>>> print(open('upload19.csv').read())   # CSV, C-alpha atoms
chain,number,residue,atom,x,y,z
Z,1,MET,CA,1.7,-51.5,5.1
Z,2,ARG,CA,4.3,-51.7,2.5
Z,3,THR,CA,5.8,-55.0,1.6
Z,4,THR,CA,9.3,-55.5,0.2
Z,5,THR,CA,10.6,-58.4,-1.8
Z,6,THR,CA,13.9,-59.9,-0.9
Z,7,PRO,CA,16.1,-60.4,-3.9
Z,8,ALA,CA,17.2,-64.0,-4.6
Z,9,PRO,CA,20.4,-63.9,-6.5
Z,10,PHE,CA,20.9,-67.6,-6.4
Z,11,LEU,CA,17.5,-68.3,-7.9
Z,12,LEU,CA,18.0,-65.6,-10.5
Z,13,THR,CA,21.4,-67.1,-11.5
Z,14,VAL,CA,20.0,-70.6,-11.8
Z,15,THR,CA,17.1,-69.2,-13.9
Z,16,VAL,CA,19.5,-67.3,-16.2
Z,17,LEU,CA,21.8,-70.3,-16.6
Z,18,VAL,CA,18.9,-72.7,-17.4
Z,19,SER,CA,17.5,-70.3,-19.9
Z,20,LEU,CA,20.8,-69.9,-21.6
Z,21,PHE,CA,21.3,-73.7,-21.7
Z,22,MET,CA,17.9,-74.1,-23.4
Z,23,ILE,CA,18.1,-71.1,-25.8
Z,24,ALA,CA,21.7,-71.3,-26.8
Z,25,PRO,CA,21.3,-74.3,-29.2
Z,26,MET,CA,18.5,-72.5,-31.0
Z,27,LEU,CA,20.5,-69.3,-31.3
Z,28,LEU,CA,23.5,-71.3,-32.7
Z,29,SER,CA,21.2,-73.0,-35.2
Z,30,ILE,CA,19.7,-69.8,-36.4
Z,31,MET,CA,23.2,-68.2,-36.7
Z,32,ALA,CA,24.3,-71.2,-38.8
Z,33,GLY,CA,21.6,-70.3,-41.3
Z,34,LEU,CA,22.8,-66.7,-41.7
Z,35,VAL,CA,26.5,-67.4,-42.5
Z,36,ASN,CA,28.0,-68.4,-45.9
Z,37,ASN,CA,29.8,-71.4,-44.4
Z,38,TYR,CA,29.1,-72.9,-41.0
Z,39,SER,CA,32.5,-74.5,-40.7
Z,40,ALA,CA,34.2,-71.1,-41.1
Z,41,GLY,CA,31.8,-69.3,-38.8
Z,42,ILE,CA,30.9,-65.6,-38.9
Z,43,LYS,CA,34.2,-64.8,-40.6
Z,44,SER,CA,32.8,-66.3,-43.8
Z,45,GLY,CA,30.3,-63.5,-43.9
Z,46,LEU,CA,26.6,-63.1,-43.3
Z,47,THR,CA,24.0,-63.9,-46.0
Z,48,LEU,CA,20.3,-64.3,-46.6
Z,49,ARG,CA,21.0,-66.7,-49.5
Z,50,TRP,CA,19.9,-69.8,-47.5
Z,51,LEU,CA,16.7,-68.2,-46.4
Z,52,GLY,CA,15.8,-67.5,-50.0
Z,53,GLU,CA,16.6,-71.2,-50.9
Z,54,VAL,CA,14.4,-72.4,-48.1
Z,55,TRP,CA,11.5,-70.2,-49.1
Z,56,GLU,CA,11.9,-71.3,-52.8
Z,57,VAL,CA,11.8,-75.1,-51.9
Z,58,TYR,CA,9.7,-75.2,-48.8
Z,59,GLY,CA,7.7,-72.0,-48.8
Z,60,ASN,CA,4.4,-73.8,-49.5
Z,61,THR,CA,4.7,-75.7,-46.2
Z,62,VAL,CA,4.1,-72.5,-44.3
Z,63,GLY,CA,0.6,-71.8,-45.4
Z,64,TRP,CA,-0.4,-75.5,-45.2
Z,65,SER,CA,0.9,-75.8,-41.6
Z,66,ILE,CA,-1.0,-72.8,-40.4
Z,67,ALA,CA,-4.1,-73.9,-42.3
Z,68,LEU,CA,-3.9,-77.4,-40.8
Z,69,ALA,CA,-3.4,-76.0,-37.3
Z,70,LEU,CA,-6.4,-73.6,-37.6
Z,71,GLY,CA,-8.5,-76.5,-39.1
Z,72,CYS,CA,-7.4,-78.6,-36.2
Z,73,VAL,CA,-8.6,-75.9,-33.7
Z,74,ILE,CA,-12.0,-75.7,-35.5
Z,75,GLY,CA,-12.3,-79.5,-35.5
Z,76,THR,CA,-11.5,-79.9,-31.8
Z,77,LEU,CA,-13.9,-77.1,-30.9
Z,78,LEU,CA,-16.8,-78.7,-32.8
Z,79,LEU,CA,-16.0,-82.2,-31.3
Z,80,GLY,CA,-14.3,-81.4,-28.1
Z,81,VAL,CA,-16.6,-78.8,-26.4
Z,82,PRO,CA,-19.8,-80.9,-26.6
Z,83,CYS,CA,-17.8,-84.0,-25.6
Z,84,ALA,CA,-16.3,-82.1,-22.6
Z,85,TYR,CA,-19.8,-81.1,-21.5
Z,86,ALA,CA,-21.1,-84.6,-21.8
Z,87,LEU,CA,-18.2,-86.0,-19.8
Z,88,ALA,CA,-18.5,-83.3,-17.1
Z,89,ARG,CA,-22.2,-84.0,-16.6
Z,90,SER,CA,-22.0,-87.8,-16.7
Z,91,ARG,CA,-21.1,-89.8,-13.7
Z,92,THR,CA,-21.4,-93.3,-15.3
Z,93,ARG,CA,-18.6,-95.8,-15.6
Z,94,ALA,CA,-19.0,-95.7,-19.4
Z,95,ALA,CA,-18.2,-92.0,-19.4
Z,96,ARG,CA,-15.1,-92.5,-17.3
Z,97,ALA,CA,-14.0,-95.4,-19.6
Z,98,PHE,CA,-14.6,-93.2,-22.7
Z,99,GLU,CA,-12.6,-90.4,-21.0
Z,100,GLU,CA,-9.6,-92.7,-20.6
Z,101,LEU,CA,-10.0,-94.1,-24.1
Z,102,ILE,CA,-10.0,-90.6,-25.6
Z,103,THR,CA,-6.6,-89.9,-24.1
Z,104,LEU,CA,-4.9,-93.0,-25.7
Z,105,PRO,CA,-3.5,-91.0,-28.7
Z,106,VAL,CA,-1.5,-89.0,-26.2
Z,107,ALA,CA,0.0,-92.1,-24.5
Z,108,VAL,CA,0.5,-94.1,-27.7
Z,109,PRO,CA,3.5,-93.0,-30.0
Z,110,GLY,CA,2.4,-90.9,-32.9
Z,111,LEU,CA,3.8,-93.4,-35.4
Z,112,ALA,CA,1.5,-96.1,-34.0
Z,113,THR,CA,-1.5,-93.8,-34.3
Z,114,ALA,CA,-0.6,-92.9,-37.8
Z,115,LEU,CA,-0.2,-96.6,-38.7
Z,116,ALA,CA,-3.6,-97.3,-37.3
Z,117,LEU,CA,-5.1,-94.5,-39.5
Z,118,ILE,CA,-3.3,-95.8,-42.6
Z,119,LEU,CA,-4.6,-99.3,-42.0
Z,120,ALA,CA,-8.2,-98.0,-41.4
Z,121,TYR,CA,-8.4,-95.4,-44.2
Z,122,GLY,CA,-5.3,-95.9,-46.4
Z,123,GLN,CA,-7.4,-97.6,-49.1
Z,124,LEU,CA,-9.2,-94.4,-49.8
Z,125,THR,CA,-6.6,-93.1,-52.2
Z,126,ALA,CA,-7.9,-89.5,-52.7
Z,127,PHE,CA,-8.3,-89.1,-48.9
Z,128,ARG,CA,-4.9,-90.7,-48.2
Z,129,GLN,CA,-3.1,-88.3,-50.5
Z,130,SER,CA,-4.8,-85.1,-49.2
Z,131,PHE,CA,-4.1,-82.8,-46.3
Z,132,ALA,CA,-7.4,-83.8,-44.9
Z,133,PHE,CA,-5.8,-87.1,-43.9
Z,134,ILE,CA,-3.2,-85.3,-41.9
Z,135,LEU,CA,-5.9,-83.1,-40.4
Z,136,VAL,CA,-7.8,-86.1,-39.1
Z,137,GLY,CA,-4.6,-87.4,-37.5
Z,138,HIS,CA,-3.9,-84.0,-35.8
Z,139,ILE,CA,-7.5,-83.8,-34.5
Z,140,VAL,CA,-7.2,-87.4,-33.1
Z,141,PHE,CA,-3.9,-86.3,-31.4
Z,142,THR,CA,-5.0,-83.0,-30.0
Z,143,LEU,CA,-8.6,-83.7,-29.1
Z,144,PRO,CA,-7.8,-84.9,-25.6
Z,145,PHE,CA,-6.2,-81.6,-24.7
Z,146,MET,CA,-9.3,-79.7,-25.6
Z,147,VAL,CA,-11.6,-82.1,-23.9
Z,148,ARG,CA,-9.7,-82.2,-20.6
Z,149,THR,CA,-9.2,-78.4,-20.5
Z,150,VAL,CA,-12.8,-77.5,-21.2
Z,151,SER,CA,-14.3,-80.4,-19.2
Z,152,SER,CA,-12.6,-79.2,-16.0
Z,153,ALA,CA,-14.2,-75.8,-16.5
Z,154,PHE,CA,-17.7,-77.3,-17.0
Z,155,GLN,CA,-17.3,-79.2,-13.8
Z,156,ARG,CA,-17.3,-76.1,-11.6
Z,157,ASP,CA,-20.1,-76.1,-9.0
Z,158,GLU,CA,-21.2,-72.6,-9.8
Z,159,LEU,CA,-21.8,-73.6,-13.5
Z,160,VAL,CA,-23.9,-76.5,-12.5
Z,161,ALA,CA,-26.0,-74.1,-10.3
Z,162,LEU,CA,-26.1,-71.6,-13.2
Z,163,GLU,CA,-27.3,-74.2,-15.6
Z,164,GLU,CA,-30.1,-75.3,-13.2
Z,165,ALA,CA,-31.2,-71.7,-12.8
Z,166,ALA,CA,-31.4,-71.3,-16.5
Z,167,ARG,CA,-33.4,-74.5,-16.8
Z,168,SER,CA,-35.8,-73.4,-14.1
Z,169,LEU,CA,-36.4,-70.2,-16.1
Z,170,GLY,CA,-37.5,-72.2,-19.1
Z,171,ALA,CA,-34.3,-72.2,-21.2
Z,172,ASN,CA,-34.0,-75.2,-23.5
Z,173,PHE,CA,-30.7,-77.1,-23.9
Z,174,GLY,CA,-29.4,-75.0,-26.8
Z,175,GLN,CA,-30.1,-71.8,-25.0
Z,176,ARG,CA,-28.4,-73.1,-21.8
Z,177,PHE,CA,-25.4,-74.5,-23.7
Z,178,LEU,CA,-24.7,-71.7,-26.1
Z,179,GLY,CA,-26.1,-68.8,-24.2
Z,180,VAL,CA,-24.9,-69.6,-20.7
Z,181,LEU,CA,-22.3,-72.3,-20.4
Z,182,VAL,CA,-20.1,-71.7,-23.4
Z,183,PRO,CA,-19.6,-68.0,-22.5
Z,184,ALA,CA,-18.9,-69.0,-18.9
Z,185,VAL,CA,-16.1,-71.4,-20.0
Z,186,PHE,CA,-14.8,-69.3,-22.9
Z,187,PRO,CA,-11.4,-68.6,-21.2
Z,188,ALA,CA,-10.9,-72.4,-21.0
Z,189,ILE,CA,-11.9,-72.8,-24.6
Z,190,VAL,CA,-9.4,-70.2,-25.7
Z,191,ALA,CA,-6.7,-71.8,-23.6
Z,192,GLY,CA,-7.5,-75.2,-25.1
Z,193,SER,CA,-7.5,-73.7,-28.6
Z,194,LEU,CA,-4.0,-72.2,-28.0
Z,195,MET,CA,-2.7,-75.5,-26.8
Z,196,VAL,CA,-4.2,-77.4,-29.8
Z,197,PHE,CA,-2.8,-74.8,-32.3
Z,198,THR,CA,0.7,-75.1,-30.8
Z,199,LEU,CA,0.7,-78.9,-30.7
Z,200,SER,CA,-0.6,-79.1,-34.3
Z,201,VAL,CA,1.8,-76.7,-35.9
Z,202,GLY,CA,4.8,-78.4,-34.3
Z,203,GLU,CA,3.6,-82.1,-34.6
Z,204,PHE,CA,6.2,-84.2,-36.4
Z,205,ASN,CA,6.0,-88.0,-35.7
Z,206,LEU,CA,2.4,-88.5,-36.7
Z,207,THR,CA,2.7,-86.1,-39.6
Z,208,TRP,CA,5.8,-87.7,-41.0
Z,209,MET,CA,4.1,-91.0,-41.2
Z,210,LEU,CA,0.9,-89.6,-42.8
Z,211,HIS,CA,2.5,-87.1,-45.3
Z,212,THR,CA,3.2,-87.6,-49.0
Z,213,PRO,CA,5.7,-85.6,-51.1
Z,214,LEU,CA,2.8,-83.2,-51.9
Z,215,THR,CA,1.5,-82.8,-48.4
Z,216,ARG,CA,4.5,-81.6,-46.3
Z,217,THR,CA,4.2,-79.4,-43.3
Z,218,LEU,CA,6.8,-77.1,-41.6
Z,219,PRO,CA,8.2,-79.8,-39.2
Z,220,VAL,CA,8.4,-82.4,-42.0
Z,221,GLY,CA,10.1,-80.0,-44.3
Z,222,LEU,CA,12.5,-79.0,-41.5
Z,223,ALA,CA,13.5,-82.7,-41.0
Z,224,ASP,CA,13.8,-83.1,-44.8
Z,225,SER,CA,16.1,-80.1,-45.1
Z,226,TYR,CA,18.4,-81.3,-42.4
Z,227,ALA,CA,18.5,-84.8,-43.9
Z,228,SER,CA,19.0,-84.0,-47.5
Z,229,MET,CA,20.5,-80.5,-47.9
Z,230,ARG,CA,23.2,-78.4,-46.5
Z,231,LEU,CA,23.4,-77.7,-42.8
Z,232,GLU,CA,23.0,-74.0,-43.5
Z,233,ILE,CA,19.7,-74.5,-45.3
Z,234,GLY,CA,18.4,-76.6,-42.4
Z,235,SER,CA,19.4,-74.0,-40.0
Z,236,ALA,CA,17.8,-71.3,-42.2
Z,237,TYR,CA,14.6,-73.3,-42.1
Z,238,THR,CA,14.7,-73.2,-38.3
Z,239,LEU,CA,14.8,-69.4,-38.6
Z,240,VAL,CA,11.9,-69.4,-41.1
Z,241,PHE,CA,9.9,-71.6,-38.6
Z,242,PHE,CA,10.4,-69.0,-35.8
Z,243,ILE,CA,9.7,-66.1,-38.1
Z,244,VAL,CA,6.4,-67.6,-39.2
Z,245,ILE,CA,5.1,-69.2,-36.0
Z,246,LEU,CA,6.2,-66.9,-33.2
Z,247,PRO,CA,4.1,-63.9,-34.3
Z,248,VAL,CA,1.0,-66.2,-34.6
Z,249,LEU,CA,1.6,-67.7,-31.1
Z,250,TRP,CA,2.1,-64.2,-29.6
Z,251,GLY,CA,-1.1,-63.0,-31.2
Z,252,LEU,CA,-3.0,-66.0,-29.9
Z,253,GLN,CA,-1.5,-65.5,-26.4
Z,254,TYR,CA,-2.5,-61.9,-26.5
Z,255,LEU,CA,-6.0,-62.9,-27.5
Z,256,ALA,CA,-6.1,-65.4,-24.6
Z,257,HIS,CA,-4.9,-62.7,-22.2
Z,258,GLN,CA,-7.6,-60.3,-23.3
Z,259,VAL,CA,-10.2,-63.0,-22.9
Z,260,GLN,CA,-9.0,-63.7,-19.4
Z,261,ARG,CA,-9.2,-60.0,-18.5
Z,262,ARG,CA,-12.7,-59.7,-20.0
Z,263,TYR,CA,-14.3,-62.9,-18.8
Z,264,GLY,CA,-12.2,-63.8,-15.8
Z,265,THR,CA,-11.3,-67.4,-15.0
>>> encode(input="upload19.csv", output="structure tokens")
Amino acid sequence: MRTTTTPAPFLLTVTVLVSLFMIAPMLLSIMAGLVNNYSAGIKSGLTLRWLGEVWEVYGNTVGWSIALALGCVIGTLLLGVPCAYALARSRTRAARAFEELITLPVAVPGLATALALILAYGQLTAFRQSFAFILVGHIVFTLPFMVRTVSSAFQRDELVALEEAARSLGANFGQRFLGVLVPAVFPAIVAGSLMVFTLSVGEFNLTWMLHTPLTRTLPVGLADSYASMRLEIGSAYTLVFFIVILPVLWGLQYLAHQVQRRYGT
């Protein structure tokens, strides 16, 4: 039996209007970075001059931001996946208390988390002035998202039964964890990695507090360009941000889609 879908023009209209309302400011900002003079508008002529100035002053923030986000993904994988398994298998009050504790960086403002890190490790000068310090802050902030996403997957009843079956066949913990459980929750791991990468590459509050003049990231450079330079340069920086980040995000989303198709949910 064939089924037909009834068009919903009202819902379509609302969706289009909301989308335009959200996207229009970004489009205007991008356009401001492609004109000679924002006050005069398009009639002042289009130019790539501001993009060149952005790349000359802030180009190094691109590579560092992507490297930090990838390092953050690796760090949260190494820490978060085992932690997610431990929390999924434990039913103690201590485990529940730790699970709530690990989510505190999400609830607490990023500036407060950054201040806590500075008070704890700020006296380590070499560490404080390096990108590793920002990386630690990003891992602290994004770890709860990886843990919660993967922990939910580990809690599925069929995985508990699958692990018990592997144990009964003589598999040790390493064989069960890496050979059975991790492949079974791989789609959740990829989804968590995509979330962590996205949050890390766009994180500003915590990064602004932790950065130094030599350890700027894309969001920090964007704020700096808007605060201290011409509006056209700040807007051109927004365009650079999209040019650099969107292809990476699309690639990661494509990878996540392929993993979902291959391994299921």
>>> closest_atom_pairs(input="upload19.csv", of="range 112-139 of chain Z", to="range 72-94 of chain Z", cutoff="8 Å", atoms="all atoms listed in the file", output="tab-separated table")
residue	atom	partner	partner_atom	distance
Z:Leu135	CA	Z:Cys72	CA	6.3
Z:His138	CA	Z:Cys72	CA	6.4
Z:Ile139	CA	Z:Cys72	CA	5.5
>>> closest_residue(input="upload19.csv", among="Z:Ala120, Z:Ala114, Z:Phe131, Z:Thr103", to="Thr215 in chain Z", atoms="all atoms listed in the file")
Z:Phe131
>>> atom_distance(input="upload19.csv", atom1="CA of Val180 in chain Z", atom2="CA of Leu255 in chain Z")
21.2 Å
>>> closest_residue(input="upload19.csv", among="Z:Ser168, Z:Val259, Z:Tyr254, Z:Val240", to="Pro183 in chain Z", atoms="all atoms listed in the file")
Z:Val259
>>> closest_residue(input="upload19.csv", among="Z:Val18, Z:Ile23, Z:Val57, Z:Ala8", to="Met229 in chain Z", atoms="all atoms listed in the file")
Z:Val57
>>> closest_residue(input="upload19.csv", among="Z:Ala112, Z:Leu28, Z:Ala132, Z:Leu119", to="Gly71 in chain Z", atoms="only C-alpha atoms")
Z:Ala132
>>> closest_atom_pairs(input="upload19.csv", of="range 206-250 of chain Z", to="range 193-199 of chain Z", cutoff="10 Å", atoms="all atoms listed in the file", output="tab-separated table")
residue	atom	partner	partner_atom	distance
Z:Ile245	CA	Z:Thr198	CA	9.0
Z:Val248	CA	Z:Phe197	CA	9.7
Z:Leu249	CA	Z:Thr198	CA	7.5
>>> atom_distance(input="upload19.csv", atom1="CA of Ile118 in chain Z", atom2="CA of Tyr226 in chain Z")
26.1 Å
>>> atom_distance(input="upload19.csv", atom1="CA of Met26 in chain Z", atom2="CA of Leu239 in chain Z")
9.0 Å
>>> closest_residue(input="upload19.csv", among="Z:Ala165, Z:Glu53, Z:Leu17, Z:Ser151", to="Leu34 in chain Z", atoms="only C-alpha atoms")
Z:Glu53
>>> closest_residue(input="upload19.csv", among="Z:Arg128, Z:Asn172, Z:Ala256, Z:Phe241", to="Thr212 in chain Z", atoms="all atoms listed in the file")
Z:Arg128
>>> residues_around(input="upload19.csv", residues="Val220 in chain Z", least_positions_apart="4", cutoff="7 Å", atoms="all atoms listed in the file", output="ChimeraX atom specification")
/Z:204,208,216,224
>>> residues_around(input="upload19.csv", residues="Thr238 in chain Z", least_positions_apart="2", cutoff="9 Å", atoms="only C-alpha atoms", output="number ranges by chain")
Z: 26, 29-30, 33, 222, 233-236, 240-243
>>> residues_near_point(input="upload19.csv", point="(-18.9, -65.1, -21.3)", cutoff="12 Å", atoms="only C-alpha atoms", output="VMD selection string")
chain Z and resid 159 177 to 190 259 to 265
